[in-house]
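**Student:** Once you've had a glance at the structure underneath, I'll fire off some questions.
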Amino acid sequence: MATTYSVVGKRVPRVDAVDKATGRSIYGSDIYLPGMLYCKILSSPHPHARIKKIDTSKALEVPGVKAVMTADDAPDVPYGTTGQIRDRSFMARDRVRFVGEPIAAVAAIDEDVAEYAVSLIEVEYELLPAVFDPLEAMKEGAPLVHEKIEEYVGSTGMRKGNICSLLTAERGEVEKGFAEADFVVEGTYRSQPINQGYMEPMACAAQVEPSGRVTVWTTTQGPYAIRNTLAETLNIPMNRIKVIPLEIGGGFGAKLRCSFEHFCVILSEKTGGKPVKMISTREENFTAIGPRLECVATIKTGVKKDGSITARQVHAVYDTGAYLGPGVGSGVGHSTGPYMIPNFKAESYAVYTNKVWAGSYRASGVADMVFAVESHMDEVAEKIGMDPLDFRLKNLLKEGDRSLTGEIIPSMGLKEMADAARKNSNWDSRKGEEGWGIGTAFSDWKSGTGPSTATVSLNEDGTVSILTGTVDIAGSDTSLAQIVAETIGVPFEKVVMAKKDTDSAPFNGPTGGSRVVYSAGRTVLQAAQEAKDKVLRFAADLLEASTDDLEVVNERVQVKGSPEKGRSLAEIARLSSTSKYGSIMGQAALSQLPFAPIYNQVIVEIKVDKETGMIKVLKFTQAQDLGFAINPNSVEGQMEGGAVQAIGRALYENYVFNDGKPMNPSLTTYLLPLAPDIPPMDTIMIETGSKEGAFGAKAVAEPPGFGAPAAIANALYNATGIRIRELPLSPDKVRAALKAKNNGG
């Protein structure tokens with residue numbers, strides 16, 4: 001029989017709903033301080049060039065300009081976006097490697113003055129050969145994006161030419177597996193560059209006090225990562241930097257790392273401690289903050305006539321742009337999909353090009369691989385004459401199997417998820433009308449862990465406060481508050497999420513990688529349990545009872561069977577603070593939690609207009625094994641939001657470069673799905689629980705953005721018989737493929 005809860009599992013409103021609806025929430029652009037100056041930056045117009053001379057004299061003469069900075073005004077401390085290799089500086093020194101790389105910055109009394117001054121900075125360049133396609137960049141003799149990569153800290157012998165990272169995975173004997181196969185199918189698939197498309201531009205402010213103490217206000221998913229990078233690159237002791245995370249108007253991974261905070265800190269110091277603020281332009285968000293770049297993946301699979309997969313080999317090339325970005329090798333761990341493949345071998349390369357560095361976007365690198373794997377699965381199924389969904393079901397992982405990375409698959413709801421998605425779609429009752437098609441895709445991910453800490457305190461009025469260093473970007477504060485309310489036994493409305501900064505809140509990992517509700521949720525659960533234990537121990541002394549005989553009902557601790565004998569939580573908090581027990585507070589910290597995989601399936605129905613090549617998504621069915629939904633509202637929001645992003649990636653979005661120059665760096669020219677483009681969605685939550693997550697919760701965030709591109713490509717094939725292996729599935733590609741098919745091509 002399922003456990004009945006009073007708070008968790010309920011659709012409660014977000015804790016910040018009123019503040020956001022009324023405009024009281026504070027975002028980066030809302031920070032105003034006395035004497036504040038405004039920062040603008042000068043960026044490179046060239047994809048690859050040597051900086052021969054920078055002349056800032058004219059900019060300094062502009063009335064209202066208070067400071068100008070270049071790389072010479074900062075310590076020469078290279079750092080790495082991923083920590084693997086220190087290959088970059090936050091401002092170009094001797095050369096630029098992509099269009100949009102920052103070169104200089106100005107602080108002035110207003111943005112107009114700063115922008116005018118920036119236009120007066122003169123830079124003399126020596127243009128250098130550039131390379132833009134990752135496959136071309138791998139070839140011998142290609143222009144080198146980094147000529148001395150072997151001298152970088154963190155570089156290893158596997159880095160050669162423009163190849164800056166190589167990840168491999170292997171299991172069994174792949175050649176033997178191919179020899180045992182009745183059929184071998186091979187295909188190459190290519191994803192496109194995409195931008196995160198968040199609504200709020202990057203914004204930050206900084207002030208350096210006379211003591212050298214630095215305060216930074218910024219829109220970030222990882223305040224401790226910002227503090228660490230600033231301390232490292234500016235040679236400032238970490239304990240002299242305070243980062244205050246503000247509300248985030250969308251991030252999706254783009255706001256995990258430093259962006260423009262360095263400039264504000266240095267300019268504040270150069271102006272004698274004046275606060276300096278920067279609100280980036282939309283073009284700067286496209287050209288200086290890492291988007292996702294393309295991936296080219298070749299997959300070869302061996303299969304028996306009965307549908308059993310015997311072997312797979314994968315060769316993936318990720319474009320990482322000018323600097324090594326995160327997630328370029330993530331595809332290796334997902335190139336088998338949620339399938340049991342006994343013999344496997346994969347290589348995943350990250351390759352430098354003269355484009356903006358590749359950043360994070362909802363599980364960097366995995367969505368690219370899912371498009372390749374799930375498109376390929378349909379092609380293999382067709383080769384053996386098997387229903388694509390039945391073929392997948394035959395090869396699904398089962399409890400007790402080993403994942404590609406070696407973990408034992410625990411109990412999970414993969415089969416239940418697949419059955420529910422099939423039942424809630426038209427898979428087995430296909431309409432068959434002209435231009436109609438249906439397709440599916442599976443994906444896998446794992447619940448994120450990493451450092452998490454929390455403090456839970458009982459206040460004198462009976463309310464409960466939570467202090468944790470996690471940043472809320474998708475309603476996670478609400479879920480954490482539900483966990484604490486359920487554990488201690490107070491109404492949800494009595495839980496307060498304390499405001500946080502890196503001085504006051506305990507250290508936490510960033511909000512990203514599907515880790516907050518699983519990892520931080522477990523931490524606040526443990527902290528709340530400790531606080532409740534202290535409540536019961538103190539109450540046992542007051543009531544002269546055993547802790548086993550006590551219960552919390554209606555915000556009172558009372559003796560079971562004798563409700564008249566009890567004390568309110570408010571009384572207990574007040575009395576405890578002056579007793580030998582002290583104030584009621586629980587604390588918890590953890591670093592890692594056990595492997596908790598999550599799975600997602602989408603089934604998409606489409607209609608193809610064969611005259612225009614337009615694809616219209618008619619219905620979107622999505623199921624996910626998520627353990628337990630702490631707040632179904634938040635879960636549905638995550639799943640539907642990810643689906644919308646995936647539909648955009650499949651059909652519309654394409655960040656276009658011409659010789660390294662972004663051609664559509666704005667929301668007017670970069671096509672995102674709009675409300676009329678969104679189909680009816682059937683969102684199915686499969687709750688099979690996990691042993692470690694709070695109340696059985698696992699992660700949700702990343703997988704909803706994985707499957708749609710492949711599912712739509714598969715539906716396109718089902719509708720028309722054309723297979724397009726390169727994203728996006730734009731009307732021009734569909735029309736060209738239909739024309740080629742009609743002409744016998």
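Identifiers for the structure tokens are assigned positionally: chains receive A, B, ... in sequence, residues are indexed from 1 per chain, and ligands are indexed from 1 in the order shown.
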Compile the contact shell of Gln638 (chain A) as a list in words: residues with an atom at most 9 Å away, counting only C-alpha atoms, same-chain residues fewer than 5 positions apart removed.
**Tutor:**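 Counting only C-alpha atoms, the residues come to Ala474, Asn633, Ala643, Val700, Ala701, Glu702 and Pro704 of chain A.
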**Student:** Determine, for each residue of region 631-740 of chain A having at least one atom at most 10 Å from an atom of region 11-14 of chain A, the closest pair of atoms and their separation in Å to one decimal, counting only C-alpha atoms; order by chain and ascending number, as CSV.
**Tutor:**
```
residue,atom,partner,partner_atom,distance
A:Asn631,CA,A:Arg11,CA,5.5
A:Pro632,CA,A:Arg11,CA,5.7
A:Asn633,CA,A:Arg11,CA,5.6
A:Ser634,CA,A:Arg11,CA,8.3
A:Val635,CA,A:Arg11,CA,10.0
```
**Student:** Taking the DSSP secondary structure from the backbone, can you list the residues of region 209-238 of chain A that are alpha helix (DSSP H), as a list of chain:residue names?
**Tutor:**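 Filtering region 209-238 of chain A down to alpha helix (DSSP H) leaves A:Pro223, A:Tyr224, A:Ala225, A:Ile226, A:Arg227, A:Asn228, A:Thr229, A:Leu230, A:Ala231, A:Glu232, A:Thr233, A:Leu234.
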**Student:** Determine, using only C-alpha atoms, which residues of region 582-686 of chain A have any atom at most 9 Å from an atom of region 129-137 of chain A, and tabulate each with its shortest atom pair and distance in Å to one decimal place, rows ordered by chain and then rising number, as JSON lines.
**Tutor:**
```
{"residue": "A:Phe657", "atom": "CA", "partner": "A:Phe132", "partner_atom": "CA", "distance": 8.7}
{"residue": "A:Asn658", "atom": "CA", "partner": "A:Phe132", "partner_atom": "CA", "distance": 8.8}
{"residue": "A:Asp659", "atom": "CA", "partner": "A:Phe132", "partner_atom": "CA", "distance": 6.6}
{"residue": "A:Gly660", "atom": "CA", "partner": "A:Phe132", "partner_atom": "CA", "distance": 6.1}
```
**Student:** Write out as a list in words the residues lying within 10 Å of Glu284 (chain A), counting only C-alpha atoms and excluding same-chain residues fewer than 3 positions away.
**Tutor:**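 With the cut-off at 10 Å, the set is Ile41, Ser43, Gly100, Glu101, Pro102, Pro201, Met202, Ile279, Ser280, Thr281, Thr287, Ala288, Ile289, Pro665 and Ser666 of chain A.
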**Student:** Check region 325-469 of chain A with DSSP on the backbone and list each residue it calls strand (DSSP E), as a VMD selection string.
**Tutor:** chain A and resid 344 to 352 436 to 446 452 to 458 464 to 467
**Student:** Taking 6 positions as the minimum chain separation for residues in the same chain, which residues sit within 10 Å of region 618-621 of chain A when counting only C-alpha atoms? Answer as a PyMOL selection string.
**Tutor:** chain A and resi 420-426+436-438+440+601-607+640+643-644+647+677-684+708+711-712
**Student:** Contacts of region 244-247 of chain A at 9 Å or less, counting only C-alpha atoms, minus same-chain residues fewer than 6 places along, as a PyMOL selection string?
**Tutor:** chain A and resi 25-28+215-223+471-473+500-503
**Student:** Those same residues, written as a PDB file, in the first residue's frame with N, CA and C atoms?
**Tutor:**
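The resulting file, result06.pdb, is shown below:
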```pdb
ATOM      1  N   SER A  25      10.948  40.145  -6.803  1.00  0.00           N
ATOM      2  CA  SER A  25      12.174  39.359  -6.917  1.00  0.00           C
ATOM      3  C   SER A  25      13.297  40.223  -7.484  1.00  0.00           C
ATOM      4  N   ILE A  26      14.516  40.016  -6.976  1.00  0.00           N
ATOM      5  CA  ILE A  26      15.668  40.827  -7.371  1.00  0.00           C
ATOM      6  C   ILE A  26      16.520  40.050  -8.365  1.00  0.00           C
ATOM      7  N   TYR A  27      16.624  40.602  -9.570  1.00  0.00           N
ATOM      8  CA  TYR A  27      17.474  40.043 -10.613  1.00  0.00           C
ATOM      9  C   TYR A  27      18.734  40.897 -10.739  1.00  0.00           C
ATOM     10  N   GLY A  28      19.673  40.438 -11.557  1.00  0.00           N
ATOM     11  CA  GLY A  28      20.933  41.157 -11.699  1.00  0.00           C
ATOM     12  C   GLY A  28      20.765  42.590 -12.146  1.00  0.00           C
ATOM     13  N   THR A 215      32.568  42.159  -3.071  1.00  0.00           N
ATOM     14  CA  THR A 215      31.207  41.648  -3.104  1.00  0.00           C
ATOM     15  C   THR A 215      30.744  41.613  -4.554  1.00  0.00           C
ATOM     16  N   VAL A 216      30.188  40.472  -4.951  1.00  0.00           N
ATOM     17  CA  VAL A 216      29.719  40.289  -6.322  1.00  0.00           C
ATOM     18  C   VAL A 216      28.258  39.877  -6.276  1.00  0.00           C
ATOM     19  N   TRP A 217      27.428  40.598  -7.015  1.00  0.00           N
ATOM     20  CA  TRP A 217      26.032  40.231  -7.208  1.00  0.00           C
ATOM     21  C   TRP A 217      25.906  39.690  -8.628  1.00  0.00           C
ATOM     22  N   THR A 218      25.319  38.520  -8.789  1.00  0.00           N
ATOM     23  CA  THR A 218      25.289  37.964 -10.135  1.00  0.00           C
ATOM     24  C   THR A 218      24.168  36.951 -10.305  1.00  0.00           C
ATOM     25  N   THR A 219      23.736  36.790 -11.537  1.00  0.00           N
ATOM     26  CA  THR A 219      22.762  35.749 -11.872  1.00  0.00           C
ATOM     27  C   THR A 219      23.545  34.483 -12.190  1.00  0.00           C
ATOM     28  N   THR A 220      23.537  33.567 -11.261  1.00  0.00           N
ATOM     29  CA  THR A 220      24.379  32.384 -11.408  1.00  0.00           C
ATOM     30  C   THR A 220      23.702  31.144 -10.866  1.00  0.00           C
ATOM     31  N   GLN A 221      24.040  30.018 -11.459  1.00  0.00           N
ATOM     32  CA  GLN A 221      23.623  28.718 -10.952  1.00  0.00           C
ATOM     33  C   GLN A 221      24.645  28.145  -9.974  1.00  0.00           C
ATOM     34  N   GLY A 222      25.839  28.751  -9.929  1.00  0.00           N
ATOM     35  CA  GLY A 222      26.902  28.201  -9.092  1.00  0.00           C
ATOM     36  C   GLY A 222      27.698  29.285  -8.394  1.00  0.00           C
ATOM     37  N   PRO A 223      27.188  29.882  -7.299  1.00  0.00           N
ATOM     38  CA  PRO A 223      27.908  30.973  -6.644  1.00  0.00           C
ATOM     39  C   PRO A 223      29.287  30.590  -6.128  1.00  0.00           C
ATOM     40  N   VAL A 471      21.015  27.145  -5.502  1.00  0.00           N
ATOM     41  CA  VAL A 471      20.288  28.222  -6.164  1.00  0.00           C
ATOM     42  C   VAL A 471      19.051  27.631  -6.827  1.00  0.00           C
ATOM     43  N   ASP A 472      17.919  28.284  -6.630  1.00  0.00           N
ATOM     44  CA  ASP A 472      16.660  27.804  -7.194  1.00  0.00           C
ATOM     45  C   ASP A 472      16.493  28.348  -8.608  1.00  0.00           C
ATOM     46  N   ILE A 473      16.390  27.434  -9.599  1.00  0.00           N
ATOM     47  CA  ILE A 473      16.114  27.906 -10.952  1.00  0.00           C
ATOM     48  C   ILE A 473      14.889  27.230 -11.562  1.00  0.00           C
ATOM     49  N   LYS A 500      20.504  33.624   0.668  1.00  0.00           N
ATOM     50  CA  LYS A 500      21.811  32.985   0.800  1.00  0.00           C
ATOM     51  C   LYS A 500      22.882  33.743   0.048  1.00  0.00           C
ATOM     52  N   ASP A 501      24.100  33.600   0.521  1.00  0.00           N
ATOM     53  CA  ASP A 501      25.291  34.044  -0.199  1.00  0.00           C
ATOM     54  C   ASP A 501      26.436  33.155   0.253  1.00  0.00           C
ATOM     55  N   THR A 502      27.600  33.322  -0.356  1.00  0.00           N
ATOM     56  CA  THR A 502      28.703  32.396  -0.060  1.00  0.00           C
ATOM     57  C   THR A 502      29.309  32.625   1.315  1.00  0.00           C
ATOM     58  N   ASP A 503      28.996  33.746   1.967  1.00  0.00           N
ATOM     59  CA  ASP A 503      29.455  33.957   3.343  1.00  0.00           C
ATOM     60  C   ASP A 503      28.567  33.239   4.345  1.00  0.00           C
TER      61      ASP A 503
END
```
**Student:** Hey, which of A:Tyr224, A:Gly707, A:Ile103, A:Lys300 ends up closest to His376 (chain A)? Count only C-alpha atoms.
**Tutor:**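 Looking only at the distances to His376 (chain A), the closest residue turns out to be A:Lys300.
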**Student:** Determine, counting only C-alpha atoms, which protein, DNA and RNA residues have an atom within 6 Å of an atom of Gly586 (chain A); residues of the same chain fewer than 3 positions away are not included. Present the result as a ChimeraX atom specification.
**Tutor:** /A:455-456,527-528,530-531
**Student:** Mind checking which residues fall within 8 Å of Gly641 (chain A), counting only C-alpha atoms, ignoring those fewer than 4 positions away in the same chain, and posting them as a ChimeraX atom specification?
**Tutor:** /A:637,645,704-705
**Student:** Could you save those same residues with N, CA and C atoms as an mmCIF file, in the first residue's frame?
**Tutor:**
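Result written to part-v4.cif:
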```
data_model
loop_
_atom_site.group_PDB
_atom_site.id
_atom_site.type_symbol
_atom_site.label_atom_id
_atom_site.label_comp_id
_atom_site.auth_asym_id
_atom_site.auth_seq_id
_atom_site.Cartn_x
_atom_site.Cartn_y
_atom_site.Cartn_z
ATOM 1 N N GLY A 637 6.452 20.895 -15.043
ATOM 2 C CA GLY A 637 7.092 22.057 -15.650
ATOM 3 C C GLY A 637 8.440 21.706 -16.261
ATOM 4 N N GLN A 645 11.981 22.693 -25.518
ATOM 5 C CA GLN A 645 13.342 22.935 -25.993
ATOM 6 C C GLN A 645 13.756 21.882 -27.024
ATOM 7 N N PRO A 704 14.147 15.192 -20.234
ATOM 8 C CA PRO A 704 13.049 15.664 -21.087
ATOM 9 C C PRO A 704 13.505 16.425 -22.334
ATOM 10 N N GLY A 705 14.741 16.900 -22.335
ATOM 11 C CA GLY A 705 15.249 17.620 -23.501
ATOM 12 C C GLY A 705 16.004 16.757 -24.482
#
```
**Student:** Counting only C-alpha atoms, which residue out of A:Gly331, A:Pro275, A:Pro237, A:Pro597 sits closest to Met369 (chain A)?
**Tutor:**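 Closest residue, counting only C-alpha atoms: A:Gly331.
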**Student:** For CA of Ser165 (chain A) and CA of Arg312 (chain A), determine how far apart the two atoms are, in Å to one decimal place.
**Tutor:**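 CA of Arg312 (chain A) lies at a distance of 21.7 Å from CA of Ser165 (chain A).
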